[in-house]
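Read the structure below first, then the notes.
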Amino acid sequence: MKLTMQVKLLPTAEQAASLLKTMEQFNAACDTLAAIAFSNKCANKVELQKIAYHGIRADFGLSAQMTVRAIAKVVEVYKRDKSIQPSFRPHGAIVYDERILSWKGSDRVSVLTVDGREIMPWVAGAYQHARLDRVRGQADLIYRDGQFFLYVTIDVGDVPPGDPTEYLGVDLGRKNIAADNDGETFSGAHIANLRNRHARLRRKLQKKGTKSAKRLLKRRRAKESRFARDVNHRISKAIVRKAKDTGRGIALEDLKGIRARTTVRRSQRRAHHSWSFHQLRAFLTYKAAMEGVPLVCVDPRNTSRECPCCGMIDKRNRPDRDTFRCIQCGHAGPADTTAAVNISRRGSRHAAERRAA
Ligand SMILES: [Zn+2]
């Protein structure tokens, strides 16, 4: 499996100016190359290189390899639609390969610019740091909101998946962000509190509507999404670790079913509907793949109404959103844990059926 990680560069003011100038020269070269490709109806890298390479190098002060990258970028875009001449934003991305970018130790990177090679520090989350030893191939240099980032592709998923008989059932987004069939819940009230505090501040700033309030709002949103991402990383990591340590797979509800249900029944609408569950599922999926933990998606129908003790399915088994109490046998517990038990069983059944087939 391939993953993209984001690394933030910390250039000096001069280095930042060099990076910007490099992007501008590079994309200006791309525009000229696009005109040449278009007028010659040439969508072939080797051909375009023959026609334009020397002229572009001389006119835009690009290195040999950077000229090759510019040609590759133009051909890639032009190939998609030959009826129009592509144009490029001045600060559009540059693809860096190993010839023009190299990692120095664990905290610096050497990047080729129009002013020569520049060595600068970079930062990333602890998770990214741990994975950077797997970096292969190229990185995209991106300029966003006045800052420079490298988008790095890494190869993961070297561990072949096992074939467990038991599945850790995980219910997402009912009372907690996640709950498993062991009775463990993942969220914590502090998350809800923090989100409420953010929401209040957001309303206040929106009412103000001034330029500085808007700027603050934008920063606040970025901070919230970083926060959500961090929480999703931590929760998915804990769940995958637990499954691996106990020799279980992971079972989740099929996402399509959950979407259908939230539109149909208001009473079962997820508590954390604004939470980024899509991201949490994506993190669970790739972390499970990396650790060789099989992940299955099961039929979500009635997971919250079925009694795991006697099998009774009835909507009255849910006296309120957070509680399960069976009207037939009296079995009771938190609604999300109970749903997770049903999800776990469906996961194990799913695996048994697959093995029998
Ligand atoms: Zn029952």
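By convention in this document, the chains of the structure tokens carry letters A, B, ... by their order, each chain's residues are numbered from 1, and ligands are numbered from 1 in the order they are shown.
Inspection of the environment of ligand 1, which uses only C-alpha atoms and all ligand atoms and a cut-off of 7 Å, identifies the neighbouring residues as A:Cys307, A:Pro308, A:Cys309, A:Cys310, A:Gly311, A:Met312, A:Cys326, A:Ile327, A:Gln328, A:Cys329, A:Gly330, A:His331.
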message: When you look at range 200-207 of chain A with a cut-off of 10 Å (counting only C-alpha atoms), what residues show up, excluding the ones that are within fewer than 3 positions of it in the same chain? I need them as number ranges by chain.
response: A: 194-197, 210, 212-218, 220-221
- prompt: What is the distance, in Å and to one decimal place, between CA of Gln25 in chain A and CA of His91 in chain A?
  reply: 9.4 Å
- request: Measuring atom to atom with only C-alpha atoms, identify which of A:Ile51, A:Ala72, A:Leu112, A:Leu3 is nearest to Ala282 in chain A.
  value: A:Leu3
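Reported to one decimal place, the separation of CA of Asp81 in chain A from CA of Ala37 in chain A is 12.0 Å.
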Residue set, range 102-241 of chain A restricted to strand (DSSP E), as JSON, numbers by chain: {"A": [102, 103, 104, 108, 109, 110, 111, 112, 113, 116, 117, 118, 119, 120, 121, 122, 123, 135, 136, 137, 138, 139, 140, 141, 142, 143, 144, 147, 148, 149, 150, 151, 152, 153, 154, 155, 167, 168, 169, 170, 171, 172, 178, 179, 180, 185, 186]}
Mind dumping the selected residues with C-alpha atoms as a PDB file, in the first residue's frame?
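What ended up in result04.pdb:
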```
ATOM      1  CA  SER A 102      17.912  14.205  -0.632  1.00  0.00           C
ATOM      2  CA  TRP A 103      17.215  13.605   3.050  1.00  0.00           C
ATOM      3  CA  LYS A 104      20.017  14.589   5.403  1.00  0.00           C
ATOM      4  CA  ARG A 108      17.061  18.159   7.325  1.00  0.00           C
ATOM      5  CA  VAL A 109      16.552  17.918   3.600  1.00  0.00           C
ATOM      6  CA  SER A 110      18.579  19.171   0.654  1.00  0.00           C
ATOM      7  CA  VAL A 111      16.470  20.733  -2.083  1.00  0.00           C
ATOM      8  CA  LEU A 112      17.685  21.987  -5.444  1.00  0.00           C
ATOM      9  CA  THR A 113      16.667  25.572  -6.229  1.00  0.00           C
ATOM     10  CA  GLY A 116      21.722  25.951  -5.951  1.00  0.00           C
ATOM     11  CA  ARG A 117      21.171  23.247  -3.359  1.00  0.00           C
ATOM     12  CA  GLU A 118      19.671  24.460  -0.096  1.00  0.00           C
ATOM     13  CA  ILE A 119      19.720  22.435   3.101  1.00  0.00           C
ATOM     14  CA  MET A 120      16.802  23.196   5.411  1.00  0.00           C
ATOM     15  CA  PRO A 121      15.133  21.698   8.474  1.00  0.00           C
ATOM     16  CA  TRP A 122      11.745  20.051   8.303  1.00  0.00           C
ATOM     17  CA  VAL A 123       9.096  19.031  10.832  1.00  0.00           C
ATOM     18  CA  VAL A 135      10.565   6.927   1.929  1.00  0.00           C
ATOM     19  CA  ARG A 136      10.894   5.821  -1.656  1.00  0.00           C
ATOM     20  CA  GLY A 137      11.038   7.782  -4.831  1.00  0.00           C
ATOM     21  CA  GLN A 138       9.791  11.274  -5.216  1.00  0.00           C
ATOM     22  CA  ALA A 139       8.289  14.158  -3.277  1.00  0.00           C
ATOM     23  CA  ASP A 140       6.004  16.975  -4.396  1.00  0.00           C
ATOM     24  CA  LEU A 141       6.988  20.482  -3.317  1.00  0.00           C
ATOM     25  CA  ILE A 142       3.799  22.391  -2.470  1.00  0.00           C
ATOM     26  CA  TYR A 143       3.339  26.050  -1.553  1.00  0.00           C
ATOM     27  CA  ARG A 144       0.254  26.647   0.588  1.00  0.00           C
ATOM     28  CA  GLN A 147       4.401  27.777   3.723  1.00  0.00           C
ATOM     29  CA  PHE A 148       6.301  25.034   1.941  1.00  0.00           C
ATOM     30  CA  PHE A 149       5.472  21.360   2.236  1.00  0.00           C
ATOM     31  CA  LEU A 150       6.831  18.147   0.806  1.00  0.00           C
ATOM     32  CA  TYR A 151       4.294  15.443   0.036  1.00  0.00           C
ATOM     33  CA  VAL A 152       6.194  12.221   0.320  1.00  0.00           C
ATOM     34  CA  THR A 153       5.053   8.820  -0.885  1.00  0.00           C
ATOM     35  CA  ILE A 154       5.985   5.824   1.238  1.00  0.00           C
ATOM     36  CA  ASP A 155       5.514   2.105   0.807  1.00  0.00           C
ATOM     37  CA  TYR A 167     -12.622 -10.260  15.250  1.00  0.00           C
ATOM     38  CA  LEU A 168     -12.501  -7.159  17.403  1.00  0.00           C
ATOM     39  CA  GLY A 169     -15.830  -5.458  16.701  1.00  0.00           C
ATOM     40  CA  VAL A 170     -15.622  -1.665  16.557  1.00  0.00           C
ATOM     41  CA  ASP A 171     -18.669   0.592  16.592  1.00  0.00           C
ATOM     42  CA  LEU A 172     -17.964   4.106  15.313  1.00  0.00           C
ATOM     43  CA  ALA A 178     -15.308   4.423  18.870  1.00  0.00           C
ATOM     44  CA  ALA A 179     -16.298   1.530  21.146  1.00  0.00           C
ATOM     45  CA  ASP A 180     -15.175  -2.109  20.944  1.00  0.00           C
ATOM     46  CA  THR A 185     -14.396   3.205  24.552  1.00  0.00           C
ATOM     47  CA  PHE A 186     -12.306   5.740  22.646  1.00  0.00           C
TER      48      PHE A 186
END
```
12 Å contact set for Lys82 in chain A, only C-alpha atoms, chain neighbours under 5 positions out, as an mmCIF file with N, CA, C and O atoms, in the first residue's frame:
```cif
data_model
loop_
_atom_site.group_PDB
_atom_site.id
_atom_site.type_symbol
_atom_site.label_atom_id
_atom_site.label_comp_id
_atom_site.auth_asym_id
_atom_site.auth_seq_id
_atom_site.Cartn_x
_atom_site.Cartn_y
_atom_site.Cartn_z
ATOM 1 N N ALA A 34 4.409 24.021 -22.750
ATOM 2 C CA ALA A 34 3.037 23.678 -23.144
ATOM 3 C C ALA A 34 2.721 24.276 -24.512
ATOM 4 O O ALA A 34 2.077 23.635 -25.351
ATOM 5 N N ALA A 35 3.191 25.502 -24.730
ATOM 6 C CA ALA A 35 2.959 26.149 -26.024
ATOM 7 C C ALA A 35 3.673 25.373 -27.131
ATOM 8 O O ALA A 35 3.106 25.143 -28.205
ATOM 9 N N ALA A 37 4.584 22.145 -27.010
ATOM 10 C CA ALA A 37 3.922 20.845 -27.158
ATOM 11 C C ALA A 37 2.645 20.995 -27.971
ATOM 12 O O ALA A 37 2.357 20.206 -28.870
ATOM 13 N N PHE A 38 1.894 22.061 -27.685
ATOM 14 C CA PHE A 38 0.603 22.270 -28.332
ATOM 15 C C PHE A 38 0.771 22.577 -29.821
ATOM 16 O O PHE A 38 0.089 21.988 -30.662
ATOM 17 N N SER A 39 1.714 23.469 -30.127
ATOM 18 C CA SER A 39 1.864 23.855 -31.542
ATOM 19 C C SER A 39 2.469 22.715 -32.364
ATOM 20 O O SER A 39 2.226 22.612 -33.556
ATOM 21 N N ASN A 40 3.246 21.835 -31.714
ATOM 22 C CA ASN A 40 3.820 20.693 -32.433
ATOM 23 C C ASN A 40 2.975 19.429 -32.299
ATOM 24 O O ASN A 40 3.365 18.383 -32.798
ATOM 25 N N LYS A 41 1.863 19.546 -31.589
ATOM 26 C CA LYS A 41 1.008 18.380 -31.292
ATOM 27 C C LYS A 41 1.864 17.232 -30.749
ATOM 28 O O LYS A 41 1.782 16.094 -31.186
ATOM 29 N N CYS A 42 2.718 17.582 -29.792
ATOM 30 C CA CYS A 42 3.666 16.600 -29.278
ATOM 31 C C CYS A 42 3.339 16.238 -27.819
ATOM 32 O O CYS A 42 3.466 17.074 -26.927
ATOM 33 N N ALA A 43 2.907 15.001 -27.580
ATOM 34 C CA ALA A 43 2.589 14.555 -26.226
ATOM 35 C C ALA A 43 3.535 13.441 -25.793
ATOM 36 O O ALA A 43 3.199 12.607 -24.952
ATOM 37 N N ASN A 44 4.712 13.458 -26.382
ATOM 38 C CA ASN A 44 5.689 12.418 -26.071
ATOM 39 C C ASN A 44 6.907 13.045 -25.398
ATOM 40 O O ASN A 44 7.497 13.993 -25.912
ATOM 41 N N VAL A 74 4.448 18.728 -18.060
ATOM 42 C CA VAL A 74 3.669 19.250 -19.193
ATOM 43 C C VAL A 74 3.064 18.107 -20.011
ATOM 44 O O VAL A 74 1.876 18.129 -20.349
ATOM 45 N N VAL A 75 3.876 17.100 -20.298
ATOM 46 C CA VAL A 75 3.389 15.972 -21.104
ATOM 47 C C VAL A 75 2.240 15.258 -20.389
ATOM 48 O O VAL A 75 1.240 14.895 -21.002
ATOM 49 N N GLU A 76 2.389 15.117 -19.079
ATOM 50 C CA GLU A 76 1.357 14.429 -18.312
ATOM 51 C C GLU A 76 0.008 15.159 -18.409
ATOM 52 O O GLU A 76 -1.033 14.534 -18.587
ATOM 53 N N VAL A 77 0.053 16.486 -18.307
ATOM 54 C CA VAL A 77 -1.188 17.264 -18.369
ATOM 55 C C VAL A 77 -1.736 17.329 -19.798
ATOM 56 O O VAL A 77 -2.922 17.126 -20.038
#
```
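One finds CA of Lys175 in chain A at 13.3 Å from CA of Arg318 in chain A.
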Quick one: everything within 9 Å of Asn302 in chain A, counting only C-alpha atoms, minus sequence neighbours fewer than 2 positions away in the same chain. Send it as an mmCIF file with N, CA and C atoms, in the first residue's frame.
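Listed below is the output, selection_21.cif:
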```cif
data_model
loop_
_atom_site.group_PDB
_atom_site.id
_atom_site.type_symbol
_atom_site.label_atom_id
_atom_site.label_comp_id
_atom_site.auth_asym_id
_atom_site.auth_seq_id
_atom_site.Cartn_x
_atom_site.Cartn_y
_atom_site.Cartn_z
ATOM 1 N N ASP A 299 -22.320 -6.366 7.489
ATOM 2 C CA ASP A 299 -23.673 -5.839 7.304
ATOM 3 C C ASP A 299 -24.094 -5.059 8.552
ATOM 4 N N PRO A 300 -24.433 -3.781 8.420
ATOM 5 C CA PRO A 300 -24.732 -2.960 9.596
ATOM 6 C C PRO A 300 -26.190 -3.051 10.077
ATOM 7 N N SER A 304 -27.554 -2.361 16.336
ATOM 8 C CA SER A 304 -27.837 -1.709 17.608
ATOM 9 C C SER A 304 -29.158 -2.202 18.219
ATOM 10 N N ARG A 305 -29.866 -3.072 17.524
ATOM 11 C CA ARG A 305 -31.163 -3.545 18.036
ATOM 12 C C ARG A 305 -31.183 -5.020 18.381
ATOM 13 N N GLU A 306 -30.117 -5.727 17.944
ATOM 14 C CA GLU A 306 -30.101 -7.174 18.169
ATOM 15 C C GLU A 306 -29.512 -7.483 19.539
ATOM 16 N N ILE A 313 -34.470 -9.209 18.043
ATOM 17 C CA ILE A 313 -34.293 -7.927 17.345
ATOM 18 C C ILE A 313 -35.561 -7.105 17.505
ATOM 19 N N ASP A 314 -35.412 -5.956 18.167
ATOM 20 C CA ASP A 314 -36.589 -5.109 18.359
ATOM 21 C C ASP A 314 -36.115 -3.694 18.644
ATOM 22 N N LYS A 315 -36.802 -2.707 18.078
ATOM 23 C CA LYS A 315 -36.332 -1.336 18.321
ATOM 24 C C LYS A 315 -36.574 -0.920 19.774
ATOM 25 N N ALA A 339 -23.556 -2.953 20.309
ATOM 26 C CA ALA A 339 -23.447 -2.976 18.842
ATOM 27 C C ALA A 339 -22.106 -3.584 18.434
ATOM 28 N N ASN A 342 -22.145 -7.326 18.427
ATOM 29 C CA ASN A 342 -22.787 -7.851 17.220
ATOM 30 C C ASN A 342 -21.865 -7.741 16.005
#
```
With only C-alpha atoms as the counted atoms, please give the residues lying no more than 8 Å from Gly333 in chain A, apart from itself and same-chain residues fewer than 3 positions off, as a short mmCIF file (atom, residue, chain, number, x, y, z; two decimals) with C-alpha atoms, in the first residue's frame.
```cif
data_model
loop_
_atom_site.label_atom_id
_atom_site.label_comp_id
_atom_site.auth_asym_id
_atom_site.auth_seq_id
_atom_site.Cartn_x
_atom_site.Cartn_y
_atom_site.Cartn_z
CA THR A 323 -28.68 2.30 26.33
CA PHE A 324 -29.43 -1.26 25.26
CA ARG A 325 -31.93 -3.34 27.27
CA THR A 337 -20.58 -1.78 23.30
CA THR A 338 -23.58 -3.97 22.51
#
```
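Closest approach to Glu224 in chain A among A:Leu20, A:Ser276, A:Tyr53, A:Gly61: A:Ser276, based on only C-alpha atoms.
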- request: Find the residues around Thr67 in chain A up to 8 Å (only C-alpha atoms counted), leave out those fewer than 5 positions away in its own chain, and share them as a PyMOL selection string.
  value: chain A and resi 26+53+56-57+62
- request: Identify, with DSSP run on backbone atoms, the residues in range 45-255 of chain A assigned to alpha helix (DSSP H), and express the list as JSON, numbers by chain.
  value: {"A": [45, 46, 47, 48, 49, 50, 51, 52, 53, 54, 55, 56, 57, 58, 59, 60, 64, 65, 66, 67, 68, 69, 70, 71, 72, 73, 74, 75, 76, 77, 78, 79, 80, 126, 127, 128, 129, 130, 131, 189, 190, 191, 192, 193, 194, 195, 196, 197, 198, 199, 200, 201, 202, 203, 204, 205, 206, 207, 208, 211, 212, 213, 214, 215, 216, 217, 218, 219, 220, 221, 222, 223, 224, 225, 226, 227, 228, 229, 230, 231, 232, 233, 234, 235, 236, 237, 238, 239, 240, 241, 242, 243, 244, 245, 255]}
